[in-house]
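*Asks:* The structure is given below, and queries will be raised subsequently.
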Amino acid sequence: MQRSHVDRRLWVWVVLLGLTGQLAWTVENMYLNVFVHDTITGSATVLAVIVATSAVAATLATLLAGAYSDRTGRRRELIAGGYVLWGACTAAFGVVGVDTAASLAPALDAVVVAVVAIVLLDCVMSVLGATANDAAFNAWVTDATDETNRGRVEGVLATLPLLAMLLVFGALDPLTRDGRWSVFFAVVGGVTAVVGVVAWFGLRAPRVPRPGGTYLASVVHGLRPGTVRAHPRLYVALAAWAVLGTSTQVFMPFLIIYVQRYLQIDGYAVVLASVLLGAAVVSVLGGRVLDRVGPHRAILPVVGVYAAGLLLMLPARGMLAVIGAGIVMMSGFMLGVAAISATVRNLTPPDRAGQVQGLRMVAAVLIPMVVGPFLGAAVITGADETYVDLGVVKQVPTPWVFLAAAVVVAFVVIPARRLARADRTQDVEVVP
């Protein structure tokens with residue numbers, strides 16, 4: 001098959017919208033946990049609840065918005081309008097805190113009120129972000145690419161979450177260290193909203209087939225047993241994604257806290273920046289290899305690299321050791337995501353790109369973010385290591401979270417081997 005060219009305009013929108021979305025998700029997935037841990041409560045269970053509830057909200061939103069975008073073709077409107085509202089909601093985190101809760105509800109426990117407010121606001125933000133990014137933007141990427149170039153595009157997309165972290169660490173982390181959280185959230189939210197405005201005027205969506213039937217039928221289509229039977233390889237690929245994602249969420253919500261509080265590395269931003277840059281280079285170069293060998297065949301080898309990195313994190317203590325282990329771990333993770341995501345896109349029916357984003361959210365977000373953080377929290381609680389911060393005893397993550405993540409990812413062998421043995425012929429849709 002002749003390889004399709006990825007034009008400059010496509011690359012601009014992939015990087016601009018993808019990176020901006022990941023900046024907002026970095027705030028939600030990592031820095032919101034740090035914000036809550038440092039200013040409201042140090043409970044690992046509370047952090048897990050925040051992650052899990054946002055995952056449920058995001059998944060439901062993607063299922064509904066993805067089906068809507070398939071039927072209406074309004075990917076651009078959902079992306080642009082969603083980014084604007086997403087940015088506004090992100091900025092609103094800066095006004096939530098224990099002092100605010102105490103002033104608004106003096107008769108209630110201020111910590112409990114603040115936690116509830118954070119959970120609710122996080123769910124709203126997740127709905128907006130999932131609609132704009134996970135449902136509409138990812139469906140747009142599927143529409144705009146094909147089987148011959150998706151490995152390259154996914155290799156770049158896989159680096160964006162880590163590049164977003166790098167930008168946040170390098171440019172905005174000093175704000176969090178100084179306790180200027182309201183400015184931190186306002187900057188990220190403002191950037192997200194501005195990009196939404198730009199997308200409204202500049203983004204173009206390719207024409208694609210639209211599904212028939214009712215809207216409700218489109219929403220539940222991918223959840224029907226008959227659809228699963230008609231597309232077995234698609235659902236096997238999604239199962240592999242669920243395993244990899246769950247493994248990652250065992251440690252990822254606690255990663256910054258681990259580096260800061262357990263390893264006690266003052267220059268943790270240098271460590272994370274080095275890991276992210278090294279892994280990003282490997283992922284971009286590896287994306288071209290995925291196109292050549294077939295992404296479904298590459299899943300097992302690259303996830304094996306990720307598992308090796310997890311095991312290397314166990315004994316790593318000094319800065320150089322952590323950087324080396326981290327590059328191996330995150331390179332394998334990003335290439336694993338790229339390989340699985342490209343496989344899912346290749347197996348997506350042309351008229352169901354938005355609906356499949358809902359299924360992707362179930363596999364890549366809902367299951368991992370509901371199961372993974374609670375596994376990590378259980379490991380942290382079981383290790384029972386703490387530190388005292390301003391007279392408050394707080395739990396600290398330990399290296400055992402990486403071993404737990406390695407045990408989880410071992411189960412990816414089952415779906416990955418099945419995909420590797422299967423024919424490269426894409427499933428043909430059979431309407432049940």
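In the structure tokens, the first chain shown is A, the next is B, and so on; residue numbers restart at 1 for each chain, and ligands run from 1 in the order shown.
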Within 8 Å of Pro295 in chain A, counting only C-alpha atoms, which residues show up once you throw out same-chain ones fewer than 2 positions away? Write them as a PyMOL selection string, please.
*Replies:* chain A and resi 151+290-291+293+297-299+338-340+342-343
*Asks:* Compile the contact shell of Cys123 in chain A as a PyMOL selection string: residues with an atom at most 9 Å away, counting only C-alpha atoms, same-chain residues fewer than 6 positions apart removed.
*Replies:* chain A and resi 50+53-58
*Asks:* Would you put the residues from that selection into a file with all heavy atoms, as a tab-separated table (two decimals), in the first residue's frame?
*Replies:*
chain	number	residue	atom	x	y	z
A	50	ILE	N	-11.14	11.42	43.15
A	50	ILE	CA	-11.15	12.51	42.17
A	50	ILE	C	-10.86	11.97	40.77
A	50	ILE	O	-11.55	12.30	39.80
A	50	ILE	CB	-10.13	13.59	42.56
A	50	ILE	CG1	-10.59	14.31	43.84
A	50	ILE	CG2	-9.95	14.60	41.43
A	50	ILE	CD1	-9.55	15.26	44.40
A	53	THR	N	-13.97	9.62	39.53
A	53	THR	CA	-15.21	10.31	39.17
A	53	THR	C	-15.04	11.10	37.88
A	53	THR	O	-15.96	11.15	37.04
A	53	THR	CB	-15.66	11.26	40.30
A	53	THR	OG1	-14.58	12.12	40.67
A	53	THR	CG2	-16.12	10.47	41.51
A	54	SER	N	-13.89	11.71	37.68
A	54	SER	CA	-13.66	12.45	36.44
A	54	SER	C	-13.62	11.50	35.25
A	54	SER	O	-14.07	11.85	34.15
A	54	SER	CB	-12.37	13.25	36.52
A	54	SER	OG	-11.24	12.41	36.57
A	55	ALA	N	-13.09	10.30	35.46
A	55	ALA	CA	-13.04	9.31	34.38
A	55	ALA	C	-14.44	8.89	33.95
A	55	ALA	O	-14.72	8.73	32.76
A	55	ALA	CB	-12.23	8.09	34.82
A	56	VAL	N	-15.32	8.69	34.92
A	56	VAL	CA	-16.70	8.32	34.60
A	56	VAL	C	-17.38	9.44	33.81
A	56	VAL	O	-18.04	9.20	32.79
A	56	VAL	CB	-17.50	8.01	35.89
A	56	VAL	CG1	-18.97	7.81	35.58
A	56	VAL	CG2	-16.93	6.78	36.59
A	57	ALA	N	-17.21	10.67	34.27
A	57	ALA	CA	-17.83	11.82	33.59
A	57	ALA	C	-17.29	11.96	32.18
A	57	ALA	O	-18.06	12.20	31.23
A	57	ALA	CB	-17.57	13.09	34.39
A	58	ALA	N	-15.99	11.82	32.00
A	58	ALA	CA	-15.39	11.97	30.68
A	58	ALA	C	-15.84	10.88	29.73
A	58	ALA	O	-16.08	11.13	28.54
A	58	ALA	CB	-13.86	11.96	30.80
*Asks:* Would you mind listing, for every residue of range 71-180 of chain A within 10 Å of range 282-288 of chain A, the two atoms forming the shortest contact and the distance between them in Å to one decimal, using only C-alpha atoms, sorted by chain and ascending residue number, as CSV?
*Replies:*
residue,atom,partner,partner_atom,distance
A:Asn149,CA,A:Arg288,CA,8.4
A:Arg150,CA,A:Gly287,CA,8.5
A:Gly151,CA,A:Gly287,CA,5.0
A:Arg152,CA,A:Gly287,CA,4.5
A:Val153,CA,A:Gly287,CA,7.4
A:Glu154,CA,A:Gly287,CA,6.8
A:Gly155,CA,A:Gly287,CA,4.2
A:Val156,CA,A:Val284,CA,5.4
A:Leu157,CA,A:Val284,CA,8.8
A:Ala158,CA,A:Ser283,CA,7.1
A:Thr159,CA,A:Ser283,CA,6.5
*Asks:* Next, dump the selected residues to file, keeping only N, CA, C and O atoms, as an mmCIF file, in the first residue's frame.
*Replies:*
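And here's part_38.cif as it stands now:
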data_model
loop_
_atom_site.group_PDB
_atom_site.id
_atom_site.type_symbol
_atom_site.label_atom_id
_atom_site.label_comp_id
_atom_site.auth_asym_id
_atom_site.auth_seq_id
_atom_site.Cartn_x
_atom_site.Cartn_y
_atom_site.Cartn_z
ATOM 1 N N ASN A 149 -0.387 6.252 7.314
ATOM 2 C CA ASN A 149 0.324 7.331 8.009
ATOM 3 C C ASN A 149 -0.059 7.476 9.479
ATOM 4 O O ASN A 149 0.427 8.372 10.155
ATOM 5 N N ARG A 150 -0.928 6.597 9.982
ATOM 6 C CA ARG A 150 -1.395 6.763 11.360
ATOM 7 C C ARG A 150 -0.310 6.461 12.382
ATOM 8 O O ARG A 150 -0.332 7.013 13.491
ATOM 9 N N GLY A 151 0.624 5.595 12.045
ATOM 10 C CA GLY A 151 1.716 5.332 12.977
ATOM 11 C C GLY A 151 2.539 6.576 13.238
ATOM 12 O O GLY A 151 2.906 6.875 14.367
ATOM 13 N N ARG A 152 2.825 7.343 12.161
ATOM 14 C CA ARG A 152 3.579 8.583 12.324
ATOM 15 C C ARG A 152 2.788 9.602 13.153
ATOM 16 O O ARG A 152 3.330 10.247 14.050
ATOM 17 N N VAL A 153 1.508 9.754 12.815
ATOM 18 C CA VAL A 153 0.686 10.722 13.541
ATOM 19 C C VAL A 153 0.534 10.304 14.997
ATOM 20 O O VAL A 153 0.631 11.132 15.913
ATOM 21 N N GLU A 154 0.296 9.022 15.239
ATOM 22 C CA GLU A 154 0.138 8.552 16.622
ATOM 23 C C GLU A 154 1.439 8.653 17.397
ATOM 24 O O GLU A 154 1.428 8.887 18.608
ATOM 25 N N GLY A 155 2.570 8.458 16.705
ATOM 26 C CA GLY A 155 3.850 8.621 17.392
ATOM 27 C C GLY A 155 4.028 10.034 17.925
ATOM 28 O O GLY A 155 4.542 10.239 19.022
ATOM 29 N N VAL A 156 3.576 11.030 17.146
ATOM 30 C CA VAL A 156 3.636 12.418 17.601
ATOM 31 C C VAL A 156 2.599 12.673 18.685
ATOM 32 O O VAL A 156 2.893 13.288 19.722
ATOM 33 N N LEU A 157 1.374 12.199 18.471
ATOM 34 C CA LEU A 157 0.321 12.403 19.473
ATOM 35 C C LEU A 157 0.702 11.797 20.819
ATOM 36 O O LEU A 157 0.382 12.357 21.876
ATOM 37 N N ALA A 158 1.387 10.654 20.783
ATOM 38 C CA ALA A 158 1.774 10.000 22.028
ATOM 39 C C ALA A 158 2.779 10.811 22.828
ATOM 40 O O ALA A 158 2.872 10.681 24.049
ATOM 41 N N THR A 159 3.543 11.672 22.129
ATOM 42 C CA THR A 159 4.528 12.491 22.848
ATOM 43 C C THR A 159 3.886 13.721 23.493
ATOM 44 O O THR A 159 4.465 14.301 24.420
#
*Asks:* Please provide as a ChimeraX atom specification all residues within 7 Å of range 80-95 of chain A, with the sequence filter that same-chain residues fewer than 3 positions apart are discarded (counting only C-alpha atoms).
*Replies:* /A:76-77,125,128-129,131-132,181-182,185-186,189-190,192-194,196-197,199-200
*Asks:* I'd like the neighbourhood of range 347-360 of chain A as a ChimeraX atom specification, where a residue qualifies if any of its atoms comes within 10 Å (using only C-alpha atoms), though same-chain residues fewer than 6 positions away should be ignored.
*Replies:* /A:58-71,73,75,130-131,133-143,147,208-212,218-223,231-235,237-239,241-242,341,366,424-429
*Asks:* With distances taken over only C-alpha atoms, which residue among A:Val243, A:Val370, A:Val124, A:Val12 lies nearest Phe411 in chain A?
*Replies:*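 Looking only at the distances to Phe411 in chain A, the closest residue turns out to be A:Val243.
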*Asks:* So that I can see what lies close to Ala114 in chain A, please list as a list in words the residues with an atom at most 6 Å from it, counting only C-alpha atoms and leaving out residues fewer than 4 positions away in the same chain.
*Replies:* Gly97, Val98 and Ala101 of chain A
